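Participant: Here it is: the structure, laid out below.
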Amino acid sequence: MLEPALVTLTTDFGEGSSYTAALKGAILSVNPAARILDLTHRIPPQDLAAAAYFLRETLPYFPAGSIHVIVVDPGVGSDRALLCVAWRGQFLLVPDNGCWTGLHSLAADQPVVVRLTDRKYWSSEVSSTFHGRDILAPVAGHLSLGVRPELLGPVTKDWQRLTLPQPVVTANEVRGEVIRIDSFGNLITNISAVALDVFRCVTLAGHSIGRWVQTYDDAEPGAVVALIGSSGLLEIAVVNGSAASALGIGVGAVVCVSKPGAP
Amino acid sequence: MLEPALVTLTTDFGEGSSYTAALKGAILSVNPAARILDLTHRIPPQDLAAAAYFLRETLPYFPAGSIHVIVVDPGVGSDRALLCVAWRGQFLLVPDNGCWTGLHSLAADQPVVVRLTDRKYWSSEVSSTFHGRDILAPVAGHLSLGVRPELLGPVTKDWQRLTLPQPVVTANEVRGEVIRIDSFGNLITNISAVALDVFRCVTLAGHSIGRWVQTYDDAEPGAVVALIGSSGLLEIAVVNGSAASALGIGVGAVVCVSKPGAP
Amino acid sequence: MLEPALVTLTTDFGEGSSYTAALKGAILSVNPAARILDLTHRIPPQDLAAAAYFLRETLPYFPAGSIHVIVVDPGVGSDRALLCVAWRGQFLLVPDNGCWTGLHSLAADQPVVVRLTDRKYWSSEVSSTFHGRDILAPVAGHLSLGVRPELLGPVTKDWQRLTLPQPVVTANEVRGEVIRIDSFGNLITNISAVALDVFRCVTLAGHSIGRWVQTYDDAEPGAVVALIGSSGLLEIAVVNGSAASALGIGVGAVVCVSKPGAP
């Protein structure tokens, strides 16, 4: 466990929400020494795929011992379970909706998953609509004090998986989609560099992308370029501009990469 | 006092403001070991009622020893006082504009209030327009180092109270209003669950709300529902949607809950 | 060095970006005990002047030993250098694009600047498009663990300077411009109080500003006023309102202050 314990927050509450502040208070009420770190509060409301992409892109950078509270919870108040997932020495506290199952190398890492059932580690009062504050936050506080995950409830092999759109690879083409738009307007796709050895011609929503570059600075301002971004994924960018605005493209747009010379 | 000391920030500066960054620096210049935690910077500019609701909803979750710097200060530079309020073992540093007086159980808790007058705990230079940075932040730093509140200035019984709109309860009806819209578009009212034992029929801005539920998941997507939210207040929500957008409702809209069968 | 080490973040990534979260993880992977503090993620994309103004307004408030990671990096992936700047006992980790050179009293402070060249302190894999995560963040982690700046690379006297617009002072007039709009809509100019001893008549984009005040509360709501703000700079404000909206003014608008009676 990190000293003093590190507890991060990932939610769809929006910036500056009183829900986030209450979550922080509820963690600190159990462990007043916890170090709390905001990861994001900008997951679009109840968007499990966006949460999955965010966690996959960020959690691999965190050290063992980190505790991550993840509150994207469209099913709050239903009978969906809440989980503690031990993954690469980190701990995720998360509703059982699959949003954590997009993490890289999941199978190889063999996560240990516990269902949160022991109410001793919860708030004395549990609302119907805010299990983040009333269950996940106090459990994070107890974990950060050294409580072993096994005490929180029974180990389970039964949890929800999220199916994220996968690129389709054929002999002549890799066909994927835009999965995220960053604040610069860069279009991040689900096509990984690994799939692109001999594939080169990029089309986005039917339009051909002129140029491959190594970095955003490799072409003249305004040029529409394709590159491998910092997560190892194909990205479409406009140099010194916003590809999303310039091309009018949103999440879900189809991206194809074909072999040179392929029909 | 928490170790290391916890100092939270609540302001109307907006996200990413240089004012917030300067506030953090000014706290750390006095106590370089302070743990600083953002609560919100999204109080609407100079909106004392919004600050009051925010503090009421979040501070009860924080542990004793927490120090809260609150900078919503339309009267900065005037002769309004600045206060240190000791409340349930927590400390609030706040302009004397009443925004803290909405805290639950205020009377029962008997807050001890000190006027900040001893310049020894302030910055050496005090601007006319940013007392948060020049007075509240350094005072927070000193408090977090263990300076007793009594040293900051004289105890006072004379402070501003904020009058928040209260629901009107009659034999047949409770009449309140929407006080906050969260980032999901849920409409939070000032009508507490306690007032609702036998009252059931909800109207919002004249329209009848069809259904009471326990949680957001209890009705089909798109349904307009009434429920008791996580703060114990009546809420109007649209399942998997935004009630604010769907109904075109803003803060201040009238909400009535009447007895079944009442005229 | 502060204990536990303080590492702040200033970026143009926008709120809640996965890039920011990865940056935090990359720092903590090197020093799991680091205290991380967000300064801002709202620098407009790639806007070096805005970054310069932000740093100048905030870093002077921070204590010696603070480590500041600054990622506003339009030239990422090019051969621009990355720097560690020792300034007043604080450390800035920043691309060599001049955005830090607007800090007050630069010459007097004699910053010591090191080019980051020793890959031992970088991530083992360095992407082409995110040197913040792959170089600056791990270097911040090592610095926060006590690595001396001299170990990071060679000292250099050769770095980029940013030319910020300076007010033009003549016998009858000081002519400057709006450099920043805060979240209240106040228009902050580059004209410092020092230049204004005998100058009084303010015009903004050709319109005369009626009144000088000490603080925002010194005139009736709606009045357009000039004052010296909390950074010692001339500001145009609308009492209880937004000058930016009321006057339709943006960054770059010309502001003149003339001697009373000057033609």
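Every chain in the structure tokens takes a letter, A first, then B, and so on in the order presented; its residues are numbered from 1, and the ligands are numbered from 1 following the presented order.
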Check every residue of chain B for an atom within 7 Å of chain A, counting only C-alpha atoms, and provide those that qualify as a list in words.

Facilitator: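 So the residues of chain B near chain A are Leu2, Glu3, Pro4, Leu39, Thr40, His41, Arg42, Phe54, Glu57, Thr58, Tyr61, Phe62, Pro63, Ser183, Phe184, Gln214, Thr215, Asp217, Gly229 and Ser230 of chain B.
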
Participant: Quick one: write out the picked residues with C-alpha atoms as an mmCIF file, in the first residue's frame?

Facilitator:
```
data_model
loop_
_atom_site.group_PDB
_atom_site.id
_atom_site.type_symbol
_atom_site.label_atom_id
_atom_site.label_comp_id
_atom_site.auth_asym_id
_atom_site.auth_seq_id
_atom_site.Cartn_x
_atom_site.Cartn_y
_atom_site.Cartn_z
ATOM 1 C CA LEU B 2 -5.426 16.265 10.538
ATOM 2 C CA GLU B 3 -1.895 15.169 9.724
ATOM 3 C CA PRO B 4 -0.846 16.345 7.210
ATOM 4 C CA LEU B 39 -14.157 20.904 -3.662
ATOM 5 C CA THR B 40 -15.590 23.082 -6.398
ATOM 6 C CA HIS B 41 -14.747 26.133 -8.449
ATOM 7 C CA ARG B 42 -18.124 26.055 -10.140
ATOM 8 C CA PHE B 54 -23.174 23.256 -1.909
ATOM 9 C CA GLU B 57 -24.624 19.085 0.912
ATOM 10 C CA THR B 58 -20.914 18.367 1.252
ATOM 11 C CA TYR B 61 -19.204 14.348 5.075
ATOM 12 C CA PHE B 62 -15.818 15.778 6.081
ATOM 13 C CA PRO B 63 -13.871 14.760 9.170
ATOM 14 C CA SER B 183 -24.800 17.506 -14.241
ATOM 15 C CA PHE B 184 -27.209 14.695 -15.151
ATOM 16 C CA GLN B 214 -36.936 4.500 -5.372
ATOM 17 C CA THR B 215 -34.051 4.958 -7.764
ATOM 18 C CA ASP B 217 -33.471 2.607 -12.614
ATOM 19 C CA GLY B 229 -32.329 11.835 -3.809
ATOM 20 C CA SER B 230 -29.077 11.199 -2.001
#
```

Participant: What's around Ser242 in chain A at 12 Å? Count only C-alpha atoms, leave out sequence neighbours fewer than 6 positions away in its own chain, and write the answer as number ranges by chain.

Facilitator: A: 181-187, 216, 221-225, 236, 248-250; C: 45-46

Participant: What does the structure give for the distance between CA of Leu162 in chain A and CA of Ala52 in chain A, in Å to one decimal?

Facilitator: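 Pair CA of Leu162 in chain A / CA of Ala52 in chain A returns 8.2 Å.
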
Participant: Please provide the set of residues having any atom within 10 Å of Glu220 in chain A, restricted to only C-alpha atoms, with same-chain residues fewer than 6 positions apart removed, written as a PyMOL selection string.

Facilitator: chain A and resi 238-240

Participant: Could you please take those selected residues and save N, CA, C and O atoms as an mmCIF file, in the first residue's frame?

Facilitator:
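Below you can see out_23.cif, which holds the result:
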```
data_model
loop_
_atom_site.group_PDB
_atom_site.id
_atom_site.type_symbol
_atom_site.label_atom_id
_atom_site.label_comp_id
_atom_site.auth_asym_id
_atom_site.auth_seq_id
_atom_site.Cartn_x
_atom_site.Cartn_y
_atom_site.Cartn_z
ATOM 1 N N VAL A 238 -5.466 17.503 -37.378
ATOM 2 C CA VAL A 238 -5.206 18.639 -38.252
ATOM 3 C C VAL A 238 -4.092 19.432 -37.589
ATOM 4 O O VAL A 238 -4.192 19.775 -36.405
ATOM 5 N N VAL A 239 -3.015 19.682 -38.315
ATOM 6 C CA VAL A 239 -1.863 20.364 -37.723
ATOM 7 C C VAL A 239 -2.288 21.755 -37.253
ATOM 8 O O VAL A 239 -2.891 22.519 -38.009
ATOM 9 N N ASN A 240 -2.000 22.060 -35.987
ATOM 10 C CA ASN A 240 -2.378 23.338 -35.363
ATOM 11 C C ASN A 240 -3.876 23.612 -35.429
ATOM 12 O O ASN A 240 -4.283 24.779 -35.413
#
```

Participant: Could you give me the residues within range 13-238 of chain B that DSSP places in strand (DSSP E or B), as a ChimeraX atom specification?

Facilitator: /B:35-40,67-71,82-87,90-95,112-115,155-156,168-169,173-181,187-192,201-204,207-209,211-212,224-228,233-238

Participant: Next, the residues of the selection above should be written as a PDB file, in the first residue's frame with C-alpha atoms.

Facilitator:
```pdb
ATOM      1  CA  ARG B  35      -2.763  18.742   1.566  1.00  0.00           C
ATOM      2  CA  ILE B  36      -4.946  20.833  -0.735  1.00  0.00           C
ATOM      3  CA  LEU B  37      -8.208  19.475  -2.099  1.00  0.00           C
ATOM      4  CA  ASP B  38     -10.494  21.119  -4.660  1.00  0.00           C
ATOM      5  CA  LEU B  39     -14.157  20.904  -3.662  1.00  0.00           C
ATOM      6  CA  THR B  40     -15.590  23.082  -6.398  1.00  0.00           C
ATOM      7  CA  ILE B  67     -10.065  23.440   7.008  1.00  0.00           C
ATOM      8  CA  HIS B  68     -12.320  24.859   4.297  1.00  0.00           C
ATOM      9  CA  VAL B  69     -11.422  28.027   2.383  1.00  0.00           C
ATOM     10  CA  ILE B  70     -14.563  29.456   0.801  1.00  0.00           C
ATOM     11  CA  VAL B  71     -14.196  32.334  -1.647  1.00  0.00           C
ATOM     12  CA  LEU B  82     -13.902  37.767   7.170  1.00  0.00           C
ATOM     13  CA  LEU B  83     -14.623  34.888   9.531  1.00  0.00           C
ATOM     14  CA  CYS B  84     -13.215  31.688  10.938  1.00  0.00           C
ATOM     15  CA  VAL B  85     -16.126  29.427  11.855  1.00  0.00           C
ATOM     16  CA  ALA B  86     -15.510  26.373  14.028  1.00  0.00           C
ATOM     17  CA  TRP B  87     -18.279  23.888  13.218  1.00  0.00           C
ATOM     18  CA  GLN B  90     -14.078  21.632  11.180  1.00  0.00           C
ATOM     19  CA  PHE B  91     -12.939  25.163  10.335  1.00  0.00           C
ATOM     20  CA  LEU B  92     -14.476  27.405   7.679  1.00  0.00           C
ATOM     21  CA  LEU B  93     -12.635  30.514   6.463  1.00  0.00           C
ATOM     22  CA  VAL B  94     -15.223  32.598   4.715  1.00  0.00           C
ATOM     23  CA  PRO B  95     -16.383  36.148   3.985  1.00  0.00           C
ATOM     24  CA  VAL B 112     -17.835  29.439  17.340  1.00  0.00           C
ATOM     25  CA  VAL B 113     -17.158  32.399  15.067  1.00  0.00           C
ATOM     26  CA  VAL B 114     -14.040  34.560  15.082  1.00  0.00           C
ATOM     27  CA  ARG B 115     -13.530  37.752  13.064  1.00  0.00           C
ATOM     28  CA  VAL B 155     -14.991  35.895  18.970  1.00  0.00           C
ATOM     29  CA  THR B 156     -18.219  37.386  17.634  1.00  0.00           C
ATOM     30  CA  VAL B 168     -44.341  26.355   2.538  1.00  0.00           C
ATOM     31  CA  VAL B 169     -46.219  23.539   4.248  1.00  0.00           C
ATOM     32  CA  GLU B 173     -49.691  20.875   0.109  1.00  0.00           C
ATOM     33  CA  VAL B 174     -45.972  21.410   0.359  1.00  0.00           C
ATOM     34  CA  ARG B 175     -44.856  24.156  -2.004  1.00  0.00           C
ATOM     35  CA  GLY B 176     -41.144  24.495  -2.733  1.00  0.00           C
ATOM     36  CA  GLU B 177     -38.797  25.133  -5.616  1.00  0.00           C
ATOM     37  CA  VAL B 178     -35.952  23.739  -7.694  1.00  0.00           C
ATOM     38  CA  ILE B 179     -32.714  24.824  -6.010  1.00  0.00           C
ATOM     39  CA  ARG B 180     -30.116  23.033  -8.055  1.00  0.00           C
ATOM     40  CA  ILE B 181     -29.671  21.134 -11.328  1.00  0.00           C
ATOM     41  CA  LEU B 187     -33.824  18.795 -10.636  1.00  0.00           C
ATOM     42  CA  ILE B 188     -33.130  18.965  -6.914  1.00  0.00           C
ATOM     43  CA  THR B 189     -35.739  20.755  -4.810  1.00  0.00           C
ATOM     44  CA  ASN B 190     -35.764  22.231  -1.328  1.00  0.00           C
ATOM     45  CA  ILE B 191     -38.504  19.833  -0.211  1.00  0.00           C
ATOM     46  CA  SER B 192     -37.188  17.333   2.283  1.00  0.00           C
ATOM     47  CA  CYS B 201     -48.992  14.116  -6.106  1.00  0.00           C
ATOM     48  CA  VAL B 202     -46.118  16.132  -7.508  1.00  0.00           C
ATOM     49  CA  THR B 203     -46.518  19.022  -9.893  1.00  0.00           C
ATOM     50  CA  LEU B 204     -43.625  20.914 -11.388  1.00  0.00           C
ATOM     51  CA  HIS B 207     -47.262  19.820 -14.901  1.00  0.00           C
ATOM     52  CA  SER B 208     -48.084  16.643 -13.065  1.00  0.00           C
ATOM     53  CA  ILE B 209     -45.210  14.212 -12.495  1.00  0.00           C
ATOM     54  CA  ARG B 211     -44.440   8.426 -10.968  1.00  0.00           C
ATOM     55  CA  TRP B 212     -42.635   8.004  -7.658  1.00  0.00           C
ATOM     56  CA  VAL B 224     -40.389  11.532 -15.767  1.00  0.00           C
ATOM     57  CA  VAL B 225     -40.150  10.449 -12.149  1.00  0.00           C
ATOM     58  CA  ALA B 226     -40.054  11.848  -8.623  1.00  0.00           C
ATOM     59  CA  LEU B 227     -37.745  10.364  -6.017  1.00  0.00           C
ATOM     60  CA  ILE B 228     -35.922  11.143  -2.802  1.00  0.00           C
ATOM     61  CA  LEU B 233     -34.525  15.976  -0.913  1.00  0.00           C
ATOM     62  CA  LEU B 234     -37.286  15.557  -3.482  1.00  0.00           C
ATOM     63  CA  GLU B 235     -35.844  15.278  -6.970  1.00  0.00           C
ATOM     64  CA  ILE B 236     -37.439  15.222 -10.417  1.00  0.00           C
ATOM     65  CA  ALA B 237     -35.542  13.092 -12.922  1.00  0.00           C
ATOM     66  CA  VAL B 238     -35.883  11.660 -16.401  1.00  0.00           C
TER      67      VAL B 238
END
```

Participant: Hey, can you check how far CA of Gly232 in chain C sits from CA of Pro165 in chain C?

Facilitator: 16.9 Å

Participant: Which of range 69-129 of chain B counts as alpha helix (DSSP H) under DSSP, as a compact mmCIF listing (two decimals) with C-alpha atoms, in the first residue's frame please?

Facilitator:
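The new file states_7.txt reads:
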```txt
# COMPACT_ATOMS: atom_id res chain seq x y z
CA LEU B 106 -26.59 25.02 12.82
CA ALA B 107 -28.23 25.96 16.08
CA ALA B 108 -27.63 22.56 17.60
CA ASP B 109 -23.98 22.64 16.62
```

Participant: Mind checking which residues fall within 12 Å of Lys120 in chain A, counting only C-alpha atoms, ignoring those fewer than 4 positions away in the same chain, and posting them as an mmCIF file with N, CA, C and O atoms, in the first residue's frame?

Facilitator:
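Now in selection-v1.cif:
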```cif
data_model
loop_
_atom_site.group_PDB
_atom_site.id
_atom_site.type_symbol
_atom_site.label_atom_id
_atom_site.label_comp_id
_atom_site.auth_asym_id
_atom_site.auth_seq_id
_atom_site.Cartn_x
_atom_site.Cartn_y
_atom_site.Cartn_z
ATOM 1 N N LEU A 116 -18.535 -6.661 -3.145
ATOM 2 C CA LEU A 116 -18.636 -5.931 -1.882
ATOM 3 C C LEU A 116 -19.962 -6.302 -1.212
ATOM 4 O O LEU A 116 -21.030 -5.940 -1.700
ATOM 5 N N SER A 124 -23.122 3.899 7.462
ATOM 6 C CA SER A 124 -24.213 3.338 8.261
ATOM 7 C C SER A 124 -25.543 3.553 7.549
ATOM 8 O O SER A 124 -26.448 2.740 7.657
ATOM 9 N N GLU A 125 -25.661 4.641 6.800
ATOM 10 C CA GLU A 125 -26.868 4.849 5.998
ATOM 11 C C GLU A 125 -26.506 4.765 4.525
ATOM 12 O O GLU A 125 -25.600 5.455 4.077
ATOM 13 N N VAL A 126 -27.217 3.953 3.780
ATOM 14 C CA VAL A 126 -26.953 3.804 2.349
ATOM 15 C C VAL A 126 -28.165 4.294 1.565
ATOM 16 O O VAL A 126 -29.260 3.753 1.708
ATOM 17 N N ASP A 134 -21.783 6.203 -0.533
ATOM 18 C CA ASP A 134 -22.208 5.451 0.648
ATOM 19 C C ASP A 134 -21.562 4.073 0.752
ATOM 20 O O ASP A 134 -21.551 3.479 1.822
ATOM 21 N N ILE A 135 -21.027 3.562 -0.351
ATOM 22 C CA ILE A 135 -20.381 2.237 -0.312
ATOM 23 C C ILE A 135 -18.941 2.319 -0.838
ATOM 24 O O ILE A 135 -17.995 2.023 -0.119
ATOM 25 N N PRO A 138 -16.423 4.802 1.371
ATOM 26 C CA PRO A 138 -15.945 4.256 2.652
ATOM 27 C C PRO A 138 -15.114 2.985 2.486
ATOM 28 O O PRO A 138 -14.130 2.799 3.217
ATOM 29 N N VAL A 139 -15.473 2.139 1.518
ATOM 30 C CA VAL A 139 -14.646 0.944 1.284
ATOM 31 C C VAL A 139 -13.236 1.363 0.859
ATOM 32 O O VAL A 139 -12.237 0.797 1.314
ATOM 33 N N HIS A 142 -11.341 2.279 3.913
ATOM 34 C CA HIS A 142 -10.888 1.106 4.683
ATOM 35 C C HIS A 142 -9.731 0.395 3.972
ATOM 36 O O HIS A 142 -8.744 0.027 4.606
ATOM 37 N N VAL A 147 -7.136 -2.642 5.166
ATOM 38 C CA VAL A 147 -8.075 -3.775 5.169
ATOM 39 C C VAL A 147 -7.827 -4.620 3.915
ATOM 40 O O VAL A 147 -7.699 -4.081 2.812
ATOM 41 N N LEU A 151 -11.641 -9.372 2.907
ATOM 42 C CA LEU A 151 -12.584 -9.113 3.990
ATOM 43 C C LEU A 151 -13.838 -8.386 3.518
ATOM 44 O O LEU A 151 -14.834 -8.315 4.230
ATOM 45 N N LEU A 152 -13.783 -7.826 2.306
ATOM 46 C CA LEU A 152 -14.884 -6.984 1.835
ATOM 47 C C LEU A 152 -16.067 -7.797 1.331
ATOM 48 O O LEU A 152 -17.182 -7.285 1.227
ATOM 49 N N GLY A 153 -15.819 -9.067 0.996
ATOM 50 C CA GLY A 153 -16.883 -9.921 0.478
ATOM 51 C C GLY A 153 -16.271 -11.129 -0.207
ATOM 52 O O GLY A 153 -15.042 -11.296 -0.213
#
```
